[in-house]
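Colleague: This is the structure I want to talk about, given as structure tokens.
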Amino acid sequence: MRYISTRGQAPALTFEEAMLSGLARDGGLYVPETIPQMSADDIRALHGLSYEETAFRVMRPFVGEGFTDEVFADLIAKAYAGFGHGARAPLVQLAPGHFLLELFHGPTLAFKDFAMQLIGQLFQEALERRGERVTIVGATSGDTGSAAIEAFKGLDNVDVFILFPHGRVSEVQRRQMTTPPEANVHALALEGHFDDCQARLKDMFNHFEFRDSVRLAGVNSINWARVLAQVVYYFSAAVSLGAPDRKVSFTVPTGNFGDIFAGYIAKKMGLPIDRLVVATNQNDILHRCLSSGDYQTSEVHPSISPSMDIQVSSNFERALFDAYGRDGAAVAQLMDELKAGGFKVSQGALEALREHFDSGRVSEEDTLETIRAAHATMGELLCPHSAVGVRVAEAQRDPATPMITLATAHPAKFPDAVEKASGIRPPLPNRMADLYERPERVTRVQNDLAALESLIQERIAK
Ligand SMILES: Cc1ncc(COP(=O)(O)O)c(C=O)c1O
Ligand SMILES: N[C@@H](CCOP(=O)(O)O)C(=O)O
């Protein structure tokens, strides 16, 4: 299995090379050259398997020879051992034909743990075998950062720097990033918004002198391994509702397009998915693009679902690559236009996108009302991101096809919004009960590439 860049100009890599590299050297994102297929019988054979066994069967064909079967199975087992639910990703019924896939039972209470816990294991194994060390830099709107820190804290062969937008993450998210005492963890609060953090991260990858001198690695969904690990729960959820003998649809609260892109990969592998519905908050560039073909950035408006306050949606590039017939030059051209504010998707590419994706947008008021109503009528306390998903799913679902909405974070990560909507302040799990008392360690930084690079170089030299 080889991985190629969405911009067509970088060398093809193995899974392990792509995982350790992050961004392709032409600025693109790695995708598999071909998508492994699972037949109806392969999917039927997943019935009754544990999450870990399903994960092994779904991911194995993508991983190649770098990891043996035995090692890969062992790393999967270690990755999910710390989850707080035996099913790892349980499904609960919200209404007839509408299900919630709870993805918040991992150590940091968000769906990011599914991929990050596994990547932590894969990195550790690969780096030890190769005798290498790396500098991980991550950009976060709140959840990727805490999950990355949890997965990599205290490891000898990794330093982890997380850029988050100052004042634009929830207090729980911030404390999850600023309270770990391990010396290899560096929380950096940047003056700007998430798109600035992600842009500076990509600038670092594109600055080869810096990239090579610190041996830069990335654990955002830039990294293919992140997307891959998220494909698994589409299979586990669909199978538990009768796949491959019954189609299902998914609604996904969306920002950087990584999670829903994982659903698209599951569909390409053969999982019978009817619709993949992109649910956005008021930062609705993806909804506008899928509705009109115009991908035009505008100001980011802080919302009560801050992890989705994103305008430059990184993985949309992977979807565009397929929609443009895997034409790397066409994608590179669009990404150049994006630097000047936006681009227009061609009619053919828009039709290709619409073959798989629908979309909807939810206002702040409707998000609050959905949290209130879901609690009052179904007894389910939703985080604001999950509420965005539930609202769009309710508006768009076809009663003939089961709809699964992804619940992407635990309500306790966003207690203010949840309390405002439902009157209930969700408590943190016992293991995190003293989060508010732990001392914080954070460095305020400007949105300045040279200054950030110097800070990182100085810290790793110590
Ligand atoms: C809680 C939560 N929901 C939804 C999203 C959006 O996911 P994606 O960026 O993969 O579209 C994020 C951020 O990634 C998130 O943290
Ligand atoms: N919402 C994310 C943004 C980064 O997304 P990623 O999937 O590319 O890591 C966050 O919580 O940080």
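Residues in the structure tokens are named by chain (A, B, ... in the order shown) and by number from 1 within that chain; ligands are numbered from 1 in the order shown.
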Counting only C-alpha atoms and all ligand atoms, which protein, DNA or RNA residues come within 7 Å of ligand 2, given as a count of residues only?

Modeller: 17

Colleague: Please produce, as CSV, a per-residue contact table for chain A versus ligand 1 (criterion: any atom at most 9 Å away, only C-alpha atoms and all ligand atoms considered), showing the nearest atom pair and its distance in Å to one decimal, sorted by chain then residue number.

Modeller:
residue,atom,partner,partner_atom_place_in_ligand_line,distance
A:Phe104,CA,ligand 1,1 (C),8.8
A:Leu109,CA,ligand 1,1 (C),8.9
A:Ala110,CA,ligand 1,1 (C),6.0
A:Phe111,CA,ligand 1,1 (C),7.0
A:Lys112,CA,ligand 1,16 (O),7.1
A:Thr140,CA,ligand 1,13 (C),8.0
A:Ser141,CA,ligand 1,13 (C),6.8
A:Gly142,CA,ligand 1,16 (O),6.3
A:Asp143,CA,ligand 1,16 (O),4.6
A:Thr144,CA,ligand 1,16 (O),6.6
A:Ser221,CA,ligand 1,10 (O),7.4
A:Val227,CA,ligand 1,10 (O),8.5
A:Val252,CA,ligand 1,4 (C),7.4
A:Pro253,CA,ligand 1,4 (C),4.8
A:Thr254,CA,ligand 1,11 (O),3.5
A:Gly255,CA,ligand 1,11 (O),3.7
A:Asn256,CA,ligand 1,9 (O),3.3
A:Phe257,CA,ligand 1,11 (O),3.6
A:Gly258,CA,ligand 1,10 (O),3.6
A:Asp259,CA,ligand 1,10 (O),3.8
A:Ile260,CA,ligand 1,11 (O),6.3
A:Phe261,CA,ligand 1,10 (O),7.8
A:Ala262,CA,ligand 1,10 (O),8.6
A:Val278,CA,ligand 1,11 (O),8.4
A:Thr280,CA,ligand 1,6 (C),8.6
A:Ser305,CA,ligand 1,1 (C),7.5
A:Pro306,CA,ligand 1,16 (O),8.0
A:Ser307,CA,ligand 1,16 (O),4.5
A:Met308,CA,ligand 1,5 (C),5.3
A:Asp309,CA,ligand 1,13 (C),8.6
A:Ile310,CA,ligand 1,9 (O),8.2
A:Ser313,CA,ligand 1,9 (O),7.5
A:Ser314,CA,ligand 1,9 (O),8.3
A:Asn315,CA,ligand 1,10 (O),8.1
A:Cys383,CA,ligand 1,1 (C),7.7
A:Pro384,CA,ligand 1,1 (C),8.1
A:His385,CA,ligand 1,3 (N),5.0
A:Ser386,CA,ligand 1,3 (N),6.8
A:Gly389,CA,ligand 1,4 (C),8.9
A:Leu406,CA,ligand 1,3 (N),8.5
A:Ala407,CA,ligand 1,3 (N),7.6
A:Thr408,CA,ligand 1,1 (C),4.6
A:Ala409,CA,ligand 1,1 (C),4.5
A:His410,CA,ligand 1,1 (C),8.0
A:Lys413,CA,ligand 1,1 (C),8.9

Colleague: Write the selection just made, keeping N, CA and C atoms, as a compact mmCIF listing (two decimals), in the first residue's frame?

Modeller:
# COMPACT_ATOMS: atom_id res chain seq x y z
N PHE A 104 -17.23 9.62 23.06
CA PHE A 104 -16.55 10.44 24.09
C PHE A 104 -16.17 9.65 25.34
N LEU A 109 -12.23 12.55 26.61
CA LEU A 109 -13.67 12.81 26.46
C LEU A 109 -14.06 13.39 25.10
N ALA A 110 -13.32 13.06 24.05
CA ALA A 110 -13.72 13.48 22.70
C ALA A 110 -13.32 12.40 21.70
N PHE A 111 -13.92 12.48 20.51
CA PHE A 111 -13.68 11.43 19.50
C PHE A 111 -12.22 11.34 19.09
N LYS A 112 -11.46 12.41 19.34
CA LYS A 112 -10.05 12.42 18.95
C LYS A 112 -9.27 11.28 19.59
N THR A 140 -4.86 23.17 17.38
CA THR A 140 -6.12 22.66 17.92
C THR A 140 -7.13 23.76 18.17
N SER A 141 -8.40 23.41 17.98
CA SER A 141 -9.47 24.28 18.46
C SER A 141 -9.97 23.72 19.79
N GLY A 142 -9.23 22.79 20.37
CA GLY A 142 -9.55 22.34 21.73
C GLY A 142 -9.37 20.86 21.97
N ASP A 143 -9.86 20.03 21.08
CA ASP A 143 -9.89 18.60 21.39
C ASP A 143 -8.68 17.83 20.87
N THR A 144 -8.21 18.15 19.68
CA THR A 144 -7.01 17.47 19.16
C THR A 144 -5.84 17.67 20.11
N SER A 221 -5.31 15.91 11.67
CA SER A 221 -5.81 15.01 10.64
C SER A 221 -5.08 15.21 9.31
N VAL A 227 -7.03 9.81 10.21
CA VAL A 227 -8.27 9.55 9.46
C VAL A 227 -8.58 8.05 9.50
N VAL A 252 -22.48 14.15 10.76
CA VAL A 252 -21.21 14.36 11.46
C VAL A 252 -21.00 15.85 11.73
N PRO A 253 -20.93 16.23 13.02
CA PRO A 253 -20.56 17.62 13.34
C PRO A 253 -19.18 17.88 12.75
N THR A 254 -19.07 18.91 11.92
CA THR A 254 -17.87 19.02 11.08
C THR A 254 -17.17 20.38 11.18
N GLY A 255 -15.84 20.32 11.15
CA GLY A 255 -15.03 21.53 11.13
C GLY A 255 -13.89 21.36 10.14
N ASN A 256 -12.94 20.48 10.48
CA ASN A 256 -11.76 20.27 9.64
C ASN A 256 -11.98 19.14 8.63
N PHE A 257 -13.18 18.55 8.62
CA PHE A 257 -13.61 17.56 7.62
C PHE A 257 -12.90 16.21 7.75
N GLY A 258 -12.16 15.99 8.86
CA GLY A 258 -11.46 14.71 9.00
C GLY A 258 -12.40 13.58 9.35
N ASP A 259 -13.32 13.86 10.27
CA ASP A 259 -14.18 12.80 10.76
C ASP A 259 -15.13 12.33 9.66
N ILE A 260 -15.73 13.25 8.96
CA ILE A 260 -16.67 12.84 7.90
C ILE A 260 -15.90 12.23 6.72
N PHE A 261 -14.67 12.66 6.52
CA PHE A 261 -13.88 12.05 5.45
C PHE A 261 -13.60 10.58 5.77
N ALA A 262 -13.45 10.28 7.05
CA ALA A 262 -13.28 8.87 7.45
C ALA A 262 -14.53 8.07 7.07
N VAL A 278 -22.91 16.63 6.45
CA VAL A 278 -22.00 17.58 7.13
C VAL A 278 -22.86 18.53 7.95
N THR A 280 -22.72 21.86 10.31
CA THR A 280 -21.82 22.94 10.75
C THR A 280 -22.54 23.89 11.70
N SER A 305 -19.94 25.99 20.11
CA SER A 305 -19.30 24.72 19.72
C SER A 305 -17.91 25.07 19.16
N PRO A 306 -17.00 25.53 20.02
CA PRO A 306 -15.76 26.17 19.56
C PRO A 306 -14.84 25.26 18.77
N SER A 307 -14.94 23.95 18.98
CA SER A 307 -14.03 23.05 18.25
C SER A 307 -14.33 23.06 16.75
N MET A 308 -15.50 23.59 16.38
CA MET A 308 -15.85 23.64 14.95
C MET A 308 -15.78 25.07 14.41
N ASP A 309 -15.11 25.97 15.12
CA ASP A 309 -14.95 27.34 14.64
C ASP A 309 -13.78 27.38 13.67
N ILE A 310 -14.04 26.92 12.46
CA ILE A 310 -13.00 26.70 11.45
C ILE A 310 -13.51 27.20 10.11
N SER A 313 -10.88 24.35 6.06
CA SER A 313 -11.17 22.98 6.49
C SER A 313 -10.20 22.02 5.79
N SER A 314 -9.18 21.64 6.53
CA SER A 314 -8.02 20.99 5.94
C SER A 314 -8.35 19.78 5.06
N ASN A 315 -9.15 18.86 5.58
CA ASN A 315 -9.39 17.61 4.83
C ASN A 315 -10.32 17.74 3.64
N CYS A 383 -23.29 17.46 24.08
CA CYS A 383 -22.38 18.60 24.01
C CYS A 383 -22.85 19.46 22.83
N PRO A 384 -22.44 20.73 22.77
CA PRO A 384 -22.96 21.59 21.69
C PRO A 384 -22.60 21.11 20.28
N HIS A 385 -21.46 20.45 20.11
CA HIS A 385 -21.10 19.94 18.77
C HIS A 385 -22.04 18.82 18.36
N SER A 386 -22.28 17.92 19.30
CA SER A 386 -23.18 16.80 19.02
C SER A 386 -24.60 17.33 18.77
N GLY A 389 -25.07 18.31 15.31
CA GLY A 389 -25.30 17.11 14.49
C GLY A 389 -26.74 16.62 14.60
N LEU A 406 -23.00 11.36 15.03
CA LEU A 406 -21.80 11.19 15.84
C LEU A 406 -21.81 12.18 17.01
N ALA A 407 -21.73 11.65 18.23
CA ALA A 407 -21.60 12.50 19.42
C ALA A 407 -20.11 12.63 19.68
N THR A 408 -19.56 13.80 19.35
CA THR A 408 -18.11 13.92 19.23
C THR A 408 -17.40 14.32 20.52
N ALA A 409 -18.13 14.83 21.50
CA ALA A 409 -17.48 15.18 22.77
C ALA A 409 -18.45 14.99 23.92
N HIS A 410 -17.89 14.86 25.10
CA HIS A 410 -18.68 14.69 26.32
C HIS A 410 -19.23 16.07 26.73
N LYS A 413 -17.20 18.74 28.82
CA LYS A 413 -16.13 19.59 28.29
C LYS A 413 -16.65 21.01 28.02

Colleague: Need to verify the contact set: Gln282 in chain A, 9 Å, only C-alpha atoms, exclusion of same-chain residues closer than 5 positions in sequence. Can you return it as number ranges by chain?

Modeller: A: 300-303, 309, 361-364

Colleague: Would you mind listing, for every residue of range 7-126 of chain A within 12 Å of range 424-448 of chain A, the two atoms forming the shortest contact and the distance between them in Å to one decimal, using only C-alpha atoms, sorted by chain and ascending residue number, as JSON lines?

Modeller:
{"residue": "A:Gly82", "atom": "CA", "partner": "A:Arg431", "partner_atom": "CA", "distance": 11.9}
{"residue": "A:Gly84", "atom": "CA", "partner": "A:Pro429", "partner_atom": "CA", "distance": 9.8}
{"residue": "A:Phe104", "atom": "CA", "partner": "A:Pro429", "partner_atom": "CA", "distance": 11.6}
{"residue": "A:His105", "atom": "CA", "partner": "A:Pro429", "partner_atom": "CA", "distance": 10.2}
{"residue": "A:Gly106", "atom": "CA", "partner": "A:Pro429", "partner_atom": "CA", "distance": 11.2}
{"residue": "A:Pro107", "atom": "CA", "partner": "A:Arg431", "partner_atom": "CA", "distance": 9.4}
{"residue": "A:Thr108", "atom": "CA", "partner": "A:Met432", "partner_atom": "CA", "distance": 9.3}
{"residue": "A:Leu109", "atom": "CA", "partner": "A:Pro429", "partner_atom": "CA", "distance": 9.3}

Colleague: Considering only C-alpha atoms, return as a PDB file with N, CA and C atoms, in the first residue's frame whatever protein or nucleic-acid residues lie within 10 Å of Gly167 in chain A, sequence-local ones (same chain, fewer than 6 positions apart) excluded.

Modeller:
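Okay, out-v2.pdb is ready:
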ATOM      1  N   ARG A 174      -8.861  23.887  27.816  1.00  0.00           N
ATOM      2  CA  ARG A 174      -7.580  24.575  28.094  1.00  0.00           C
ATOM      3  C   ARG A 174      -6.832  23.867  29.216  1.00  0.00           C
ATOM      4  N   ALA A 189      -0.490  29.248  23.736  1.00  0.00           N
ATOM      5  CA  ALA A 189      -1.752  29.973  23.475  1.00  0.00           C
ATOM      6  C   ALA A 189      -1.473  31.087  22.480  1.00  0.00           C
ATOM      7  N   LEU A 190      -1.996  30.941  21.278  1.00  0.00           N
ATOM      8  CA  LEU A 190      -1.665  31.870  20.186  1.00  0.00           C
ATOM      9  C   LEU A 190      -2.710  32.980  20.072  1.00  0.00           C
ATOM     10  N   GLU A 191      -2.243  34.190  19.808  1.00  0.00           N
ATOM     11  CA  GLU A 191      -3.158  35.320  19.553  1.00  0.00           C
ATOM     12  C   GLU A 191      -3.738  35.132  18.163  1.00  0.00           C
ATOM     13  N   GLY A 192      -4.956  34.660  18.086  1.00  0.00           N
ATOM     14  CA  GLY A 192      -5.573  34.427  16.782  1.00  0.00           C
ATOM     15  C   GLY A 192      -6.641  33.367  16.932  1.00  0.00           C
ATOM     16  N   HIS A 193      -7.062  32.812  15.810  1.00  0.00           N
ATOM     17  CA  HIS A 193      -8.071  31.749  15.889  1.00  0.00           C
ATOM     18  C   HIS A 193      -7.474  30.436  15.384  1.00  0.00           C
ATOM     19  N   PRO A 302     -16.783  33.253  16.930  1.00  0.00           N
ATOM     20  CA  PRO A 302     -16.736  32.340  18.078  1.00  0.00           C
ATOM     21  C   PRO A 302     -18.136  31.818  18.397  1.00  0.00           C
TER      22      PRO A 302
END

Colleague: Between A:Leu188, A:Val137, A:Val390, A:Met403, which is the closest to Arg246 in chain A once you count only C-alpha atoms?

Modeller: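 Residue with the minimum atom-to-atom distance to Arg246 in chain A: A:Met403.
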
Colleague: Neighbours of range 211-216 of chain A within 9 Å (only C-alpha atoms; same-chain residues fewer than 6 positions away dropped), as a PyMOL selection string?

Modeller: chain A and resi 20-22+133-137+204-205+456-457+460

Colleague: Would you mind exporting C-alpha atoms of the selected residues as a PDB file, in the first residue's frame?

Modeller:
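Output file result-v2.pdb is given in full below:
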ATOM      1  CA  LEU A  20       5.813   9.959  10.508  1.00  0.00           C
ATOM      2  CA  SER A  21       5.966  12.689   7.822  1.00  0.00           C
ATOM      3  CA  GLY A  22       2.620  14.424   8.280  1.00  0.00           C
ATOM      4  CA  ARG A 133      12.976  11.105  17.914  1.00  0.00           C
ATOM      5  CA  VAL A 134      10.466  13.651  16.585  1.00  0.00           C
ATOM      6  CA  THR A 135       8.995  17.024  17.432  1.00  0.00           C
ATOM      7  CA  ILE A 136       5.233  16.937  17.178  1.00  0.00           C
ATOM      8  CA  VAL A 137       3.526  20.255  16.575  1.00  0.00           C
ATOM      9  CA  MET A 204       6.371  24.964   9.500  1.00  0.00           C
ATOM     10  CA  PHE A 205       5.931  21.831   7.405  1.00  0.00           C
ATOM     11  CA  ILE A 456      10.374  25.388  19.500  1.00  0.00           C
ATOM     12  CA  GLN A 457      14.069  25.134  18.645  1.00  0.00           C
ATOM     13  CA  ILE A 460      13.999  21.141  22.285  1.00  0.00           C
TER      14      ILE A 460
END

Colleague: Please identify which residues in range 114-176 of chain A DSSP calls alpha helix (DSSP H) from the backbone, and express them as a ChimeraX atom specification.

Modeller: /A:114-130,143-152,171-176

Colleague: Output N, CA and C atoms of each residue in that selection to a file, as a JSON list (two decimals), in the first residue's frame.

Modeller:
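out-v1.json written:
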[["chain", "number", "residue", "atom", "x", "y", "z"],
["A", 114, "PHE", "N", -9.95, 8.22, 19.81],
["A", 114, "PHE", "CA", -9.95, 6.97, 19.03],
["A", 114, "PHE", "C", -8.70, 6.89, 18.15],
["A", 115, "ALA", "N", -8.37, 8.01, 17.50],
["A", 115, "ALA", "CA", -7.19, 7.98, 16.64],
["A", 115, "ALA", "C", -5.92, 8.26, 17.42],
["A", 116, "MET", "N", -6.00, 9.21, 18.32],
["A", 116, "MET", "CA", -4.77, 9.68, 18.97],
["A", 116, "MET", "C", -4.17, 8.59, 19.87],
["A", 117, "GLN", "N", -5.03, 7.84, 20.58],
["A", 117, "GLN", "CA", -4.48, 6.78, 21.43],
["A", 117, "GLN", "C", -3.76, 5.74, 20.57],
["A", 118, "LEU", "N", -4.31, 5.47, 19.40],
["A", 118, "LEU", "CA", -3.65, 4.49, 18.52],
["A", 118, "LEU", "C", -2.37, 5.06, 17.92],
["A", 119, "ILE", "N", -2.44, 6.29, 17.47],
["A", 119, "ILE", "CA", -1.24, 6.92, 16.88],
["A", 119, "ILE", "C", -0.12, 6.99, 17.91],
["A", 120, "GLY", "N", -0.47, 7.27, 19.15],
["A", 120, "GLY", "CA", 0.56, 7.29, 20.21],
["A", 120, "GLY", "C", 1.29, 5.96, 20.25],
["A", 121, "GLN", "N", 0.54, 4.88, 20.18],
["A", 121, "GLN", "CA", 1.16, 3.54, 20.21],
["A", 121, "GLN", "C", 1.99, 3.30, 18.95],
["A", 122, "LEU", "N", 1.43, 3.67, 17.79],
["A", 122, "LEU", "CA", 2.14, 3.41, 16.52],
["A", 122, "LEU", "C", 3.44, 4.22, 16.45],
["A", 123, "PHE", "N", 3.38, 5.49, 16.85],
["A", 123, "PHE", "CA", 4.59, 6.32, 16.85],
["A", 123, "PHE", "C", 5.66, 5.71, 17.75],
["A", 124, "GLN", "N", 5.23, 5.36, 18.97],
["A", 124, "GLN", "CA", 6.19, 4.84, 19.94],
["A", 124, "GLN", "C", 6.91, 3.61, 19.39],
["A", 125, "GLU", "N", 6.13, 2.70, 18.83],
["A", 125, "GLU", "CA", 6.69, 1.46, 18.30],
["A", 125, "GLU", "C", 7.66, 1.77, 17.15],
["A", 126, "ALA", "N", 7.19, 2.62, 16.22],
["A", 126, "ALA", "CA", 8.01, 2.90, 15.03],
["A", 126, "ALA", "C", 9.27, 3.67, 15.41],
["A", 127, "LEU", "N", 9.15, 4.65, 16.30],
["A", 127, "LEU", "CA", 10.32, 5.45, 16.67],
["A", 127, "LEU", "C", 11.35, 4.62, 17.42],
["A", 128, "GLU", "N", 10.88, 3.75, 18.31],
["A", 128, "GLU", "CA", 11.83, 2.90, 19.04],
["A", 128, "GLU", "C", 12.57, 1.97, 18.08],
["A", 129, "ARG", "N", 11.80, 1.36, 17.18],
["A", 129, "ARG", "CA", 12.41, 0.44, 16.21],
["A", 129, "ARG", "C", 13.44, 1.16, 15.35],
["A", 130, "ARG", "N", 13.15, 2.43, 14.96],
["A", 130, "ARG", "CA", 14.05, 3.17, 14.08],
["A", 130, "ARG", "C", 15.14, 3.92, 14.85],
["A", 143, "ASP", "N", -9.86, 20.03, 21.08],
["A", 143, "ASP", "CA", -9.89, 18.60, 21.39],
["A", 143, "ASP", "C", -8.68, 17.83, 20.87],
["A", 144, "THR", "N", -8.21, 18.15, 19.68],
["A", 144, "THR", "CA", -7.01, 17.47, 19.16],
["A", 144, "THR", "C", -5.84, 17.67, 20.11],
["A", 145, "GLY", "N", -5.70, 18.88, 20.62],
["A", 145, "GLY", "CA", -4.56, 19.20, 21.49],
["A", 145, "GLY", "C", -4.58, 18.38, 22.76],
["A", 146, "SER", "N", -5.73, 18.32, 23.42],
["A", 146, "SER", "CA", -5.77, 17.57, 24.68],
["A", 146, "SER", "C", -5.55, 16.08, 24.42],
["A", 147, "ALA", "N", -6.12, 15.58, 23.33],
["A", 147, "ALA", "CA", -5.95, 14.15, 23.02],
["A", 147, "ALA", "C", -4.49, 13.85, 22.68],
["A", 148, "ALA", "N", -3.83, 14.76, 21.97],
["A", 148, "ALA", "CA", -2.42, 14.54, 21.59],
["A", 148, "ALA", "C", -1.54, 14.56, 22.83],
["A", 149, "ILE", "N", -1.80, 15.51, 23.71],
["A", 149, "ILE", "CA", -0.98, 15.59, 24.92],
["A", 149, "ILE", "C", -1.16, 14.32, 25.75],
["A", 150, "GLU", "N", -2.40, 13.87, 25.88],
["A", 150, "GLU", "CA", -2.66, 12.65, 26.65],
["A", 150, "GLU", "C", -1.91, 11.46, 26.04],
["A", 151, "ALA", "N", -1.88, 11.39, 24.71],
["A", 151, "ALA", "CA", -1.28, 10.23, 24.05],
["A", 151, "ALA", "C", 0.26, 10.27, 24.07],
["A", 152, "PHE", "N", 0.84, 11.46, 24.11],
["A", 152, "PHE", "CA", 2.31, 11.55, 23.94],
["A", 152, "PHE", "C", 3.05, 12.04, 25.18],
["A", 171, "GLU", "N", -12.86, 26.14, 29.08],
["A", 171, "GLU", "CA", -11.91, 26.08, 30.19],
["A", 171, "GLU", "C", -11.43, 24.65, 30.43],
["A", 172, "VAL", "N", -12.34, 23.68, 30.28],
["A", 172, "VAL", "CA", -11.92, 22.28, 30.47],
["A", 172, "VAL", "C", -10.88, 21.92, 29.41],
["A", 173, "GLN", "N", -11.15, 22.27, 28.16],
["A", 173, "GLN", "CA", -10.17, 21.96, 27.09],
["A", 173, "GLN", "C", -8.82, 22.59, 27.40],
["A", 174, "ARG", "N", -8.86, 23.89, 27.82],
["A", 174, "ARG", "CA", -7.58, 24.57, 28.09],
["A", 174, "ARG", "C", -6.83, 23.87, 29.22],
["A", 175, "ARG", "N", -7.54, 23.56, 30.29],
["A", 175, "ARG", "CA", -6.87, 22.93, 31.43],
["A", 175, "ARG", "C", -6.34, 21.54, 31.08],
["A", 176, "GLN", "N", -7.05, 20.84, 30.21],
["A", 176, "GLN", "CA", -6.53, 19.52, 29.79],
["A", 176, "GLN", "C", -5.17, 19.68, 29.10]]

Colleague: I'd like the neighbourhood of Asp195 in chain A as a PyMOL selection string, where a residue qualifies if any of its atoms comes within 8 Å (using only C-alpha atoms), though same-chain residues fewer than 2 positions away should be ignored.

Modeller: chain A and resi 193+197-199+310-312
